[in-house]
file work-v2.tsv (TSV, C-alpha atoms)
chain	number	residue	atom	x	y	z
A	22	MET	CA	-45.74	7.84	-4.22
A	23	TYR	CA	-44.67	4.45	-2.92
A	24	GLY	CA	-47.13	1.64	-2.33
A	25	LYS	CA	-48.42	0.61	1.05
A	26	LYS	CA	-46.18	-2.46	1.08
A	27	VAL	CA	-43.02	-0.40	0.62
A	28	LYS	CA	-43.99	1.93	3.46
A	29	LEU	CA	-44.73	-1.01	5.72
A	30	ARG	CA	-41.39	-2.62	4.93
A	31	ALA	CA	-39.59	0.67	5.55
A	32	LEU	CA	-41.26	1.08	8.93
A	33	PHE	CA	-40.50	-2.52	9.86
A	34	ILE	CA	-36.82	-2.32	8.97
A	35	VAL	CA	-36.27	1.06	10.56
A	36	LEU	CA	-37.93	-0.20	13.76
A	37	ILE	CA	-35.75	-3.31	13.80
A	38	PHE	CA	-32.67	-1.18	13.25
A	39	PHE	CA	-33.42	1.24	16.06
A	40	SER	CA	-34.24	-1.51	18.52
A	41	LEU	CA	-30.90	-3.11	17.66
A	42	VAL	CA	-29.11	0.19	18.19
A	43	LEU	CA	-30.80	0.54	21.56
A	44	THR	CA	-29.83	-3.02	22.52
A	45	ALA	CA	-26.23	-2.42	21.50
A	46	PHE	CA	-26.17	0.81	23.47
A	47	LEU	CA	-27.48	-0.86	26.63
A	48	VAL	CA	-25.09	-3.77	26.28
A	49	PHE	CA	-22.07	-1.49	25.93
A	50	LYS	CA	-23.27	0.76	28.73
A	51	SER	CA	-23.44	-2.16	31.14
A	52	LEU	CA	-20.18	-3.65	29.88
A	53	GLU	CA	-18.28	-0.36	30.16
A	54	GLU	CA	-16.03	-1.86	32.86
A	55	ASN	CA	-14.83	-4.51	30.45
A	56	VAL	CA	-14.64	-2.42	27.31
A	57	VAL	CA	-12.04	-0.03	28.69
A	58	TYR	CA	-8.56	-1.31	27.98
A	59	PHE	CA	-6.99	0.11	31.13
A	60	LYS	CA	-7.84	1.87	34.36
A	61	SER	CA	-6.36	5.13	35.55
A	62	PRO	CA	-4.51	5.46	38.87
A	63	SER	CA	-7.60	7.29	40.19
A	64	ASP	CA	-9.80	4.32	39.26
A	65	VAL	CA	-7.39	2.08	41.13
A	66	LYS	CA	-7.60	4.29	44.20
A	67	ASN	CA	-11.39	4.08	44.11
A	68	LEU	CA	-11.42	0.27	43.94
A	69	THR	CA	-13.35	-1.16	46.86
A	70	GLU	CA	-11.41	-4.40	47.00
A	71	LEU	CA	-8.20	-5.64	45.48
A	72	LYS	CA	-8.75	-8.69	43.33
A	73	ALA	CA	-6.03	-11.19	42.69
A	74	LYS	CA	-6.71	-10.70	38.99
A	75	LYS	CA	-4.48	-9.16	36.37
A	76	ILE	CA	-5.12	-5.48	35.86
A	77	ARG	CA	-4.01	-2.88	33.33
A	78	VAL	CA	-3.29	0.64	34.49
A	79	GLY	CA	-2.56	3.47	32.10
A	80	GLY	CA	-1.48	7.08	32.30
A	81	MET	CA	1.58	9.23	31.85
A	82	VAL	CA	5.06	8.25	32.97
A	83	LYS	CA	5.82	10.88	35.57
A	84	GLU	CA	8.76	13.14	34.68
A	85	ASN	CA	12.01	12.22	36.48
A	86	SER	CA	10.45	9.14	38.04
A	87	VAL	CA	12.15	6.44	35.97
A	88	GLU	CA	14.86	4.50	37.75
A	89	THR	CA	16.66	1.58	36.16
A	90	PHE	CA	18.61	-1.13	37.90
A	91	ASP	CA	20.23	-4.11	36.17
A	92	ASN	CA	17.20	-5.11	34.17
A	93	GLU	CA	14.57	-3.85	36.53
A	94	ILE	CA	12.80	-0.60	35.87
A	95	LYS	CA	10.77	1.44	38.33
A	96	PHE	CA	8.59	4.41	37.50
A	97	ILE	CA	5.42	6.24	38.48
A	98	ILE	CA	2.22	6.33	36.42
A	99	THR	CA	0.24	9.50	36.94
A	100	ASP	CA	-3.07	10.86	35.69
A	101	PHE	CA	-2.15	14.22	37.28
A	102	LYS	CA	-4.52	13.51	40.17
A	103	ASN	CA	-3.28	10.25	41.59
A	104	GLU	CA	-0.13	8.22	41.16
A	105	LEU	CA	0.80	4.59	41.07
A	106	PHE	CA	4.21	3.08	41.63
A	107	VAL	CA	5.23	0.44	39.07
A	108	SER	CA	8.11	-2.01	38.95
A	109	PHE	CA	8.94	-4.20	35.98
A	110	VAL	CA	11.65	-6.67	35.03
A	111	GLY	CA	12.49	-6.86	31.33
A	112	SER	CA	12.85	-4.54	28.39
A	113	VAL	CA	10.39	-1.76	27.64
A	114	PRO	CA	9.09	-0.78	24.17
A	115	ASN	CA	10.90	1.86	22.13
A	116	LEU	CA	8.29	4.51	22.67
A	117	PHE	CA	8.45	4.24	26.45
A	118	GLU	CA	9.59	7.64	27.71
A	119	GLU	CA	9.09	10.07	30.57
A	120	GLY	CA	6.14	12.35	30.06
A	121	LYS	CA	4.55	9.97	27.53
A	122	GLY	CA	1.67	7.52	27.76
A	123	VAL	CA	2.11	4.01	29.10
A	124	VAL	CA	-0.03	1.00	29.96
A	125	ALA	CA	1.26	-1.44	32.59
A	126	GLU	CA	-0.24	-4.90	33.00
A	127	GLY	CA	0.27	-6.90	36.15
A	128	PHE	CA	-0.84	-7.53	39.71
A	129	LEU	CA	-1.60	-4.90	42.33
A	130	GLU	CA	0.34	-5.38	45.55
A	131	ASP	CA	-1.67	-2.58	47.13
A	132	LYS	CA	-3.47	0.51	45.85
A	133	TYR	CA	-0.22	2.35	45.19
A	134	TYR	CA	2.03	-0.38	43.89
A	135	LEU	CA	1.74	-2.48	40.74
A	136	LYS	CA	4.09	-5.31	39.92
A	137	ALA	CA	3.96	-5.30	36.13
A	138	ASP	CA	4.75	-8.22	33.89
A	139	LYS	CA	4.09	-6.33	30.67
A	140	ILE	CA	4.68	-2.74	29.65
A	141	LEU	CA	3.02	-1.19	26.60
A	142	ALA	CA	3.82	2.26	25.28
A	143	LYS	CA	0.88	4.41	24.34
A	144	HIS	CA	1.42	6.68	21.40
A	145	ASP	CA	-0.20	10.11	21.18
A	146	GLU	CA	-2.06	11.52	18.16
A	147	ASN	CA	0.80	13.76	16.99
A	148	TYR	CA	2.83	12.91	13.90
A	149	MET	CA	5.61	15.21	12.70
A	150	PRO	CA	9.14	15.21	11.34
A	151	PRO	CA	12.01	15.60	13.86
A	152	GLU	CA	12.83	19.13	12.63
A	153	VAL	CA	9.34	20.33	13.42
A	154	SER	CA	9.44	18.77	16.85
A	155	GLU	CA	12.79	20.51	17.51
A	156	ALA	CA	11.36	23.82	16.33
A	157	LEU	CA	8.38	23.41	18.63
A	158	LYS	CA	10.68	22.67	21.57
A	159	ASP	CA	12.75	25.78	20.88
A	160	LYS	CA	9.64	27.89	20.85
A	161	ASN	CA	8.63	26.70	24.27
B	28	MET	CA	-34.19	4.70	-14.01
B	29	LEU	CA	-32.27	1.77	-12.59
B	30	ASN	CA	-35.07	-0.58	-13.59
B	31	TYR	CA	-34.64	0.21	-17.26
B	32	PHE	CA	-30.94	0.01	-17.70
B	33	ASN	CA	-29.73	-2.47	-20.20
B	34	PRO	CA	-26.81	-4.74	-19.23
B	35	ASN	CA	-25.38	-4.60	-22.76
B	36	ASN	CA	-24.76	-0.87	-22.71
B	37	ILE	CA	-23.57	-0.92	-19.14
B	38	LEU	CA	-21.06	-3.67	-19.94
B	39	LYS	CA	-19.42	-1.53	-22.63
B	40	ILE	CA	-19.16	1.45	-20.32
B	41	ILE	CA	-17.76	-0.66	-17.50
B	42	ASN	CA	-15.08	-2.13	-19.77
B	43	LYS	CA	-13.88	1.32	-20.77
B	44	LEU	CA	-14.09	2.60	-17.21
B	45	GLN	CA	-12.04	-0.36	-15.97
B	46	LYS	CA	-9.10	0.48	-18.21
B	47	PHE	CA	-9.26	4.13	-17.22
B	48	VAL	CA	-9.42	3.38	-13.49
B	49	PHE	CA	-6.58	0.87	-13.81
B	50	THR	CA	-4.24	3.39	-15.48
B	51	LEU	CA	-5.13	6.06	-12.96
B	52	PHE	CA	-4.59	3.62	-10.09
B	53	ILE	CA	-1.08	2.69	-11.27
B	54	ILE	CA	-0.10	6.35	-11.64
B	55	VAL	CA	-1.48	7.38	-8.24
B	56	LEU	CA	0.03	4.31	-6.55
B	57	ILE	CA	3.51	5.07	-7.91
B	58	ILE	CA	3.31	8.69	-6.75
B	59	GLY	CA	1.87	7.59	-3.41
B	60	LEU	CA	4.54	4.96	-2.74
B	61	LEU	CA	7.29	7.38	-3.74
B	62	GLU	CA	5.89	10.00	-1.37
B	63	ALA	CA	5.26	7.55	1.46
B	64	LEU	CA	8.45	5.50	1.31
B	65	VAL	CA	11.05	7.95	0.01
B	66	LEU	CA	10.06	11.60	0.13
B	67	SER	CA	8.12	11.86	3.36
B	68	PRO	CA	10.14	12.46	6.54
B	69	GLU	CA	10.42	10.02	9.42
B	70	ASP	CA	8.48	10.66	12.59
B	71	TYR	CA	10.14	12.40	15.56
B	72	LYS	CA	9.23	9.50	17.87
B	73	GLN	CA	8.57	6.45	15.73
B	74	SER	CA	11.16	7.20	13.04
B	75	ASP	CA	10.66	4.94	10.01
B	76	SER	CA	7.93	2.72	11.42
B	77	VAL	CA	5.52	5.63	10.88
B	78	ARG	CA	5.47	4.62	7.21
B	79	ILE	CA	3.16	1.72	8.06
B	80	MET	CA	0.55	4.43	8.66
B	81	TYR	CA	0.33	5.11	4.92
B	82	VAL	CA	-1.05	1.61	4.38
B	83	HIS	CA	-2.77	0.98	7.70
B	84	VAL	CA	-4.91	4.11	7.96
B	85	PRO	CA	-6.25	4.24	4.37
B	86	SER	CA	-7.10	0.51	4.53
B	87	ALA	CA	-9.07	1.02	7.73
B	88	TRP	CA	-10.88	4.04	6.30
B	89	ILE	CA	-11.82	2.19	3.12
B	90	SER	CA	-13.03	-0.97	4.84
B	91	LEU	CA	-15.25	1.21	7.03
B	92	GLY	CA	-16.43	3.30	4.10
B	93	ILE	CA	-17.30	0.31	1.94
B	94	PHE	CA	-19.19	-1.34	4.76
B	95	SER	CA	-21.20	1.84	5.32
B	96	VAL	CA	-22.13	1.96	1.64
B	97	ILE	CA	-23.13	-1.74	1.69
B	98	SER	CA	-25.30	-1.17	4.76
B	99	ILE	CA	-27.05	1.89	3.38
B	100	LEU	CA	-27.73	0.14	0.06
B	101	SER	CA	-29.04	-2.82	2.06
B	102	PHE	CA	-31.82	-0.62	3.44
B	103	GLY	CA	-32.71	0.11	-0.18
B	104	ILE	CA	-32.62	-3.58	-1.05
B	105	LEU	CA	-34.94	-4.60	1.77
B	106	ILE	CA	-37.36	-1.69	1.42
B	107	PHE	CA	-37.56	-1.17	-2.34
B	108	LYS	CA	-36.49	-4.69	-3.46
B	109	ASN	CA	-33.94	-3.13	-5.76
B	110	LYS	CA	-32.05	-5.99	-7.46
B	111	ASN	CA	-29.33	-3.77	-8.84
B	112	PHE	CA	-28.37	-2.60	-5.34
B	113	SER	CA	-27.84	-6.22	-4.31
B	114	LEU	CA	-25.43	-6.71	-7.22
B	115	ILE	CA	-23.54	-3.60	-6.09
B	116	THR	CA	-23.27	-4.70	-2.45
B	117	LYS	CA	-22.23	-8.19	-3.48
B	118	SER	CA	-19.48	-6.76	-5.69
B	119	LEU	CA	-18.27	-4.28	-3.06
B	120	ALA	CA	-17.83	-6.74	-0.21
B	121	PRO	CA	-14.59	-8.54	-1.28
B	122	SER	CA	-12.44	-5.40	-1.54
B	123	GLY	CA	-13.83	-4.10	1.74
B	124	PHE	CA	-12.96	-7.40	3.41
B	125	VAL	CA	-9.46	-7.46	1.97
B	126	PHE	CA	-8.74	-3.92	3.18
B	127	ASN	CA	-10.12	-4.83	6.59
B	128	ILE	CA	-7.65	-7.73	6.82
B	129	ILE	CA	-4.83	-5.48	5.60
B	130	ALA	CA	-5.69	-2.96	8.32
B	131	LEU	CA	-5.61	-5.68	10.99
B	132	VAL	CA	-2.35	-7.23	9.78
B	133	THR	CA	-0.46	-3.94	9.28
B	134	GLY	CA	-1.80	-2.77	12.64
B	135	SER	CA	-0.30	-5.83	14.25
B	136	ILE	CA	3.04	-5.25	12.51
B	137	TRP	CA	2.98	-1.61	13.57
B	138	GLY	CA	1.96	-2.42	17.14
B	139	LYS	CA	5.01	-4.57	17.91
B	140	PRO	CA	7.73	-1.91	17.45
B	141	THR	CA	5.68	1.00	18.85
B	142	TRP	CA	3.38	-0.29	21.59
B	143	GLY	CA	5.33	-3.44	22.32
B	144	THR	CA	2.64	-5.97	21.47
B	145	TRP	CA	1.29	-7.72	18.38
B	146	TRP	CA	-2.28	-7.75	19.59
B	147	ALA	CA	-4.34	-6.04	22.27
B	148	TRP	CA	-8.01	-6.48	23.02
B	149	ASP	CA	-8.66	-2.77	23.02
B	150	ALA	CA	-12.01	-1.47	21.85
B	151	ARG	CA	-10.90	-0.35	18.41
B	152	ILE	CA	-9.03	-3.53	17.48
B	153	THR	CA	-11.84	-5.72	18.77
B	154	SER	CA	-14.53	-3.79	16.90
B	155	MET	CA	-12.39	-3.91	13.76
B	156	LEU	CA	-12.14	-7.69	14.14
B	157	LEU	CA	-15.92	-7.76	14.52
B	158	LEU	CA	-16.25	-5.82	11.26
B	159	SER	CA	-14.17	-8.44	9.46
B	160	LEU	CA	-16.51	-11.12	10.85
B	161	PHE	CA	-19.51	-9.20	9.48
B	162	TYR	CA	-17.79	-9.01	6.10
B	163	LEU	CA	-17.08	-12.72	6.28
B	164	MET	CA	-20.69	-13.55	7.17
B	165	PHE	CA	-21.88	-11.34	4.32
B	166	ILE	CA	-19.62	-13.03	1.78
B	167	ILE	CA	-20.27	-16.55	3.06
B	168	THR	CA	-24.03	-15.98	2.87
B	169	TRP	CA	-23.73	-15.52	-0.88
B	170	ARG	CA	-21.61	-18.67	-1.14
B	171	ILE	CA	-23.75	-21.07	0.84
B	172	THR	CA	-27.27	-19.87	0.10
B	173	GLU	CA	-28.56	-21.53	-3.05
B	174	ASN	CA	-31.74	-19.51	-3.36
B	175	ASN	CA	-30.79	-16.10	-4.73
B	176	ASP	CA	-33.66	-14.17	-3.12
B	177	LYS	CA	-32.86	-15.68	0.22
B	178	ALA	CA	-29.17	-14.75	-0.12
B	179	ILE	CA	-30.12	-11.16	-0.90
B	180	LYS	CA	-32.34	-10.95	2.15
B	181	ILE	CA	-29.98	-12.58	4.66
B	182	SER	CA	-26.91	-10.66	3.48
B	183	SER	CA	-28.81	-7.37	3.68
B	184	TYR	CA	-29.86	-8.05	7.26
B	185	ILE	CA	-26.26	-8.91	8.13
B	186	ALA	CA	-25.10	-5.61	6.63
B	187	ILE	CA	-27.70	-3.61	8.56
B	188	LEU	CA	-26.77	-5.39	11.78
B	189	GLY	CA	-23.12	-4.58	11.11
B	190	LEU	CA	-23.89	-0.91	10.57
B	191	ILE	CA	-24.26	-0.54	14.35
B	192	ASN	CA	-20.61	-1.53	14.67
B	193	VAL	CA	-19.41	1.26	12.34
B	194	PRO	CA	-19.85	4.25	14.71
B	195	ILE	CA	-18.47	2.06	17.51
B	196	ILE	CA	-15.24	1.62	15.54
B	197	LYS	CA	-15.10	5.31	14.69
B	198	PHE	CA	-15.69	6.64	18.20
B	199	SER	CA	-14.19	3.80	20.28
B	200	VAL	CA	-11.05	5.84	20.90
B	201	ASP	CA	-13.09	8.75	22.27
B	202	TRP	CA	-15.60	6.78	24.33
B	203	TRP	CA	-13.29	4.39	26.13
B	204	ASN	CA	-9.69	4.09	27.23
B	205	THR	CA	-7.95	2.31	24.40
B	206	LEU	CA	-4.38	1.55	23.47
B	207	HIS	CA	-5.07	3.38	20.22
B	208	GLN	CA	-4.43	7.09	20.33
B	209	PRO	CA	-7.29	9.56	19.71
B	210	SER	CA	-7.91	10.25	16.03
B	211	SER	CA	-5.31	12.40	14.31
B	212	VAL	CA	-7.12	13.38	11.14
B	213	ASN	CA	-10.20	15.40	11.99
B	214	ILE	CA	-12.65	17.44	10.00
B	215	LEU	CA	-14.11	19.49	12.83
B	216	SER	CA	-11.02	19.97	14.97
B	217	ASP	CA	-7.31	20.32	14.26
B	218	THR	CA	-5.51	17.58	12.39
B	219	THR	CA	-2.41	16.55	14.30
B	220	VAL	CA	-0.51	15.00	11.42
B	221	HIS	CA	2.13	17.26	9.91
B	222	SER	CA	1.38	18.32	6.32
B	223	SER	CA	4.50	16.51	5.00
B	224	MET	CA	2.91	13.26	6.23
B	225	LEU	CA	-0.69	14.16	5.50
B	226	ILE	CA	-0.04	14.50	1.75
B	227	PRO	CA	1.29	10.95	1.23
B	228	LEU	CA	-1.55	9.70	3.43
B	229	GLY	CA	-4.04	11.42	1.14
B	230	ILE	CA	-2.42	10.09	-2.04
B	231	MET	CA	-2.28	6.54	-0.69
B	232	THR	CA	-5.94	6.80	0.27
B	233	ALA	CA	-6.77	7.89	-3.28
B	234	ALA	CA	-4.78	4.95	-4.66
B	235	PHE	CA	-6.60	2.46	-2.44
B	236	VAL	CA	-9.97	3.97	-3.33
B	237	LEU	CA	-9.13	3.54	-7.02
B	238	PHE	CA	-8.06	-0.05	-6.39
B	239	SER	CA	-11.29	-0.94	-4.63
B	240	LEU	CA	-13.22	0.79	-7.42
B	241	LEU	CA	-11.35	-1.35	-9.94
B	242	ILE	CA	-12.08	-4.59	-8.09
B	243	PHE	CA	-15.68	-3.48	-7.70
B	244	LEU	CA	-16.04	-2.86	-11.45
B	245	MET	CA	-14.55	-6.26	-12.25
B	246	LYS	CA	-16.89	-8.04	-9.83
B	247	TYR	CA	-19.88	-6.04	-11.02
B	248	ASN	CA	-19.02	-6.85	-14.61
B	249	THR	CA	-18.93	-10.55	-13.78
B	250	GLU	CA	-22.28	-10.38	-12.04
B	251	LEU	CA	-23.85	-8.65	-15.05
B	252	ILE	CA	-22.42	-11.24	-17.43
B	253	LYS	CA	-23.85	-13.99	-15.23
B	254	ILE	CA	-27.28	-12.41	-15.50
B	255	LYS	CA	-26.93	-11.93	-19.23
B	256	ASN	CA	-26.04	-15.58	-19.69
B	257	LYS	CA	-29.18	-16.58	-17.86
B	258	GLY	CA	-31.06	-14.98	-20.73
B	259	LEU	CA	-32.40	-12.01	-18.88
B	260	ASP	CA	-32.02	-8.66	-20.67
B	261	ARG	CA	-33.30	-6.68	-17.79
B	262	LEU	CA	-32.92	-6.71	-14.08

call {"tool": "encode", "arguments": {"input": "work-v2.tsv", "output": "structure tokens"}}
result
Amino acid sequence: MYGKKVKLRALFIVLIFFSLVLTAFLVFKSLEENVVYFKSPSDVKNLTELKAKKIRVGGMVKENSVETFDNEIKFIITDFKNELFVSFVGSVPNLFEEGKGVVAEGFLEDKYYLKADKILAKHDENYMPPEVSEALKDKN
Amino acid sequence: MLNYFNPNNILKIINKLQKFVFTLFIIVLIIGLLEALVLSPEDYKQSDSVRIMYVHVPSAWISLGIFSVISILSFGILIFKNKNFSLITKSLAPSGFVFNIIALVTGSIWGKPTWGTWWAWDARITSMLLLSLFYLMFIITWRITENNDKAIKISSYIAILGLINVPIIKFSVDWWNTLHQPSSVNILSDTTVHSSMLIPLGIMTAAFVLFSLLIFLMKYNTELIKIKNKGLDRL
């Protein structure tokens, strides 16, 4: 159907493409550490050494763990296996709430305590009007 | 089939199609904006800032979709030397790029009130930025390369290279920890956007698709006229 040249070109381009895909895959596989935006409290626990570098830890804000003082806020990040204690001075984003996702950026004092200098709220994938959310709560 | 089409006939059809698409776009956009800004409810957590979604999400979808089309056509260009495909990819790129930028900018505006930051180097945002660079390279190639055949070749290779980035954008939120939430609108699993918000999202997507189609037709028209003026009846 197609000439020899077309077939040769097709083979050439498909080969180039797949070798590029493979390269990209290997690069991302080896860079996994750096591609993730935050670590979980369990990852932090498994760290072999504490670096003096900034770190981001994410998870859920543990229910009933938020304590606020003047403008300091203390709470616990949990991934339901391990927990990390966080303290932060400043104002938190609107979506910051107990039982919701959060990412804290700062320096680790030890494996269970993070002094954050930035708090980001992580949104979940649910979108609904307030009435529906109320109705769902009533059901539970 | 494509080898025998005559620019003169195509030009007439495109002109008619342009007017039709334009009218349809205005109608759908008005309905979409009304739904998105007035009729749809606010979110239980984000309240009114959820309305940015109706611009942000369709823009991201379309920039990804257009790039995928460009890449797939680029295979055709390189393998079969189809000149018409290269006109199509060249005409598609600007609207894809514009929607990519819109997605990045609205994302930034949305990120500040919800996440608490304008910008984060999470996998999805970074790969989206990379996509805009691929678009930019693609468009610049056509601008700076004087030899037409060379421009076709280089831009097609850029598009194929960029195709690797497309699944990375799509699945970044599943593969790695990102600040972005997992995807809400799914074909295989449950969609977690309430129907009262999904409808405006769908209409706005339709409006944006029509807009990019309109820009595409205009660009394509221009390209055909350029060829016609060079005294070539056929591609």

call {"tool": "residues_around", "arguments": {"input": "work-v2.tsv", "residues": "Phe49 in chain B", "least_positions_apart": "2", "cutoff": "12 Å", "atoms": "all atoms listed in the file", "output": "PyMOL selection string"}}
result
chain B and resi 41-47+51-56+234-245

call {"tool": "closest_residue", "arguments": {"input": "work-v2.tsv", "among": "B:Ser113, B:Ser122, B:Thr219, B:Thr168", "to": "chain A", "atoms": "all atoms listed in the file"}}
result
B:Thr219

call {"tool": "closest_atom_pairs", "arguments": {"input": "work-v2.tsv", "of": "chain A", "to": "chain B", "cutoff": "9 Å", "atoms": "only C-alpha atoms", "output": "JSON lines"}}
result
{"residue": "A:Lys26", "atom": "CA", "partner": "B:Ile106", "partner_atom": "CA", "distance": 8.9}
{"residue": "A:Val27", "atom": "CA", "partner": "B:Ile106", "partner_atom": "CA", "distance": 5.9}
{"residue": "A:Lys28", "atom": "CA", "partner": "B:Ile106", "partner_atom": "CA", "distance": 7.8}
{"residue": "A:Leu29", "atom": "CA", "partner": "B:Ile106", "partner_atom": "CA", "distance": 8.6}
{"residue": "A:Arg30", "atom": "CA", "partner": "B:Ile106", "partner_atom": "CA", "distance": 5.4}
{"residue": "A:Ala31", "atom": "CA", "partner": "B:Ile106", "partner_atom": "CA", "distance": 5.3}
{"residue": "A:Leu32", "atom": "CA", "partner": "B:Ile106", "partner_atom": "CA", "distance": 8.9}
{"residue": "A:Ile34", "atom": "CA", "partner": "B:Ile106", "partner_atom": "CA", "distance": 7.6}
{"residue": "A:Val35", "atom": "CA", "partner": "B:Phe102", "partner_atom": "CA", "distance": 8.6}
{"residue": "A:Phe38", "atom": "CA", "partner": "B:Ile187", "partner_atom": "CA", "distance": 7.3}
{"residue": "A:Leu41", "atom": "CA", "partner": "B:Leu188", "partner_atom": "CA", "distance": 7.5}
{"residue": "A:Val42", "atom": "CA", "partner": "B:Ile191", "partner_atom": "CA", "distance": 6.2}
{"residue": "A:Ala45", "atom": "CA", "partner": "B:Ile191", "partner_atom": "CA", "distance": 7.7}
{"residue": "A:Glu53", "atom": "CA", "partner": "B:Trp203", "partner_atom": "CA", "distance": 8.0}
{"residue": "A:Val56", "atom": "CA", "partner": "B:Ala150", "partner_atom": "CA", "distance": 6.1}
{"residue": "A:Val57", "atom": "CA", "partner": "B:Asn204", "partner_atom": "CA", "distance": 5.0}
{"residue": "A:Tyr58", "atom": "CA", "partner": "B:Thr205", "partner_atom": "CA", "distance": 5.1}
{"residue": "A:Phe59", "atom": "CA", "partner": "B:Asn204", "partner_atom": "CA", "distance": 6.2}
{"residue": "A:Lys60", "atom": "CA", "partner": "B:Asn204", "partner_atom": "CA", "distance": 7.7}
{"residue": "A:Gly79", "atom": "CA", "partner": "B:Asn204", "partner_atom": "CA", "distance": 8.7}
{"residue": "A:Val113", "atom": "CA", "partner": "B:Gly143", "partner_atom": "CA", "distance": 7.5}
{"residue": "A:Pro114", "atom": "CA", "partner": "B:Gly143", "partner_atom": "CA", "distance": 5.0}
{"residue": "A:Asn115", "atom": "CA", "partner": "B:Thr141", "partner_atom": "CA", "distance": 6.2}
{"residue": "A:Leu116", "atom": "CA", "partner": "B:Thr141", "partner_atom": "CA", "distance": 5.8}
{"residue": "A:Phe117", "atom": "CA", "partner": "B:Trp142", "partner_atom": "CA", "distance": 8.4}
{"residue": "A:Val123", "atom": "CA", "partner": "B:Trp142", "partner_atom": "CA", "distance": 8.7}
{"residue": "A:Val124", "atom": "CA", "partner": "B:Leu206", "partner_atom": "CA", "distance": 7.8}
{"residue": "A:Lys139", "atom": "CA", "partner": "B:Gly143", "partner_atom": "CA", "distance": 8.9}
{"residue": "A:Ile140", "atom": "CA", "partner": "B:Gly143", "partner_atom": "CA", "distance": 7.4}
{"residue": "A:Leu141", "atom": "CA", "partner": "B:Trp142", "partner_atom": "CA", "distance": 5.1}
{"residue": "A:Ala142", "atom": "CA", "partner": "B:Trp142", "partner_atom": "CA", "distance": 4.5}
{"residue": "A:Lys143", "atom": "CA", "partner": "B:Trp142", "partner_atom": "CA", "distance": 6.0}
{"residue": "A:His144", "atom": "CA", "partner": "B:Gln208", "partner_atom": "CA", "distance": 6.0}
{"residue": "A:Asp145", "atom": "CA", "partner": "B:Gln208", "partner_atom": "CA", "distance": 5.3}
{"residue": "A:Glu146", "atom": "CA", "partner": "B:Ser211", "partner_atom": "CA", "distance": 5.1}
{"residue": "A:Asn147", "atom": "CA", "partner": "B:Thr219", "partner_atom": "CA", "distance": 5.0}
{"residue": "A:Tyr148", "atom": "CA", "partner": "B:Val220", "partner_atom": "CA", "distance": 4.7}
{"residue": "A:Met149", "atom": "CA", "partner": "B:His221", "partner_atom": "CA", "distance": 4.9}
{"residue": "A:Pro150", "atom": "CA", "partner": "B:Asp70", "partner_atom": "CA", "distance": 4.8}
{"residue": "A:Pro151", "atom": "CA", "partner": "B:Tyr71", "partner_atom": "CA", "distance": 4.1}
{"residue": "A:Glu152", "atom": "CA", "partner": "B:Tyr71", "partner_atom": "CA", "distance": 7.8}
{"residue": "A:Val153", "atom": "CA", "partner": "B:Tyr71", "partner_atom": "CA", "distance": 8.3}
{"residue": "A:Ser154", "atom": "CA", "partner": "B:Tyr71", "partner_atom": "CA", "distance": 6.5}
{"residue": "A:Glu155", "atom": "CA", "partner": "B:Tyr71", "partner_atom": "CA", "distance": 8.8}

call {"tool": "atom_distance", "arguments": {"input": "work-v2.tsv", "atom1": "CA of Thr249 in chain B", "atom2": "CA of Ala120 in chain B"}}
result
14.1 Å

call {"tool": "atom_distance", "arguments": {"input": "work-v2.tsv", "atom1": "CA of Thr232 in chain B", "atom2": "CA of Tyr81 in chain B"}}
result
8.0 Å

call {"tool": "residues_around", "arguments": {"input": "work-v2.tsv", "residues": "Phe161 in chain B", "least_positions_apart": "5", "cutoff": "8 Å", "atoms": "all atoms listed in the file", "output": "PyMOL selection string"}}
result
chain B and resi 185-186+189
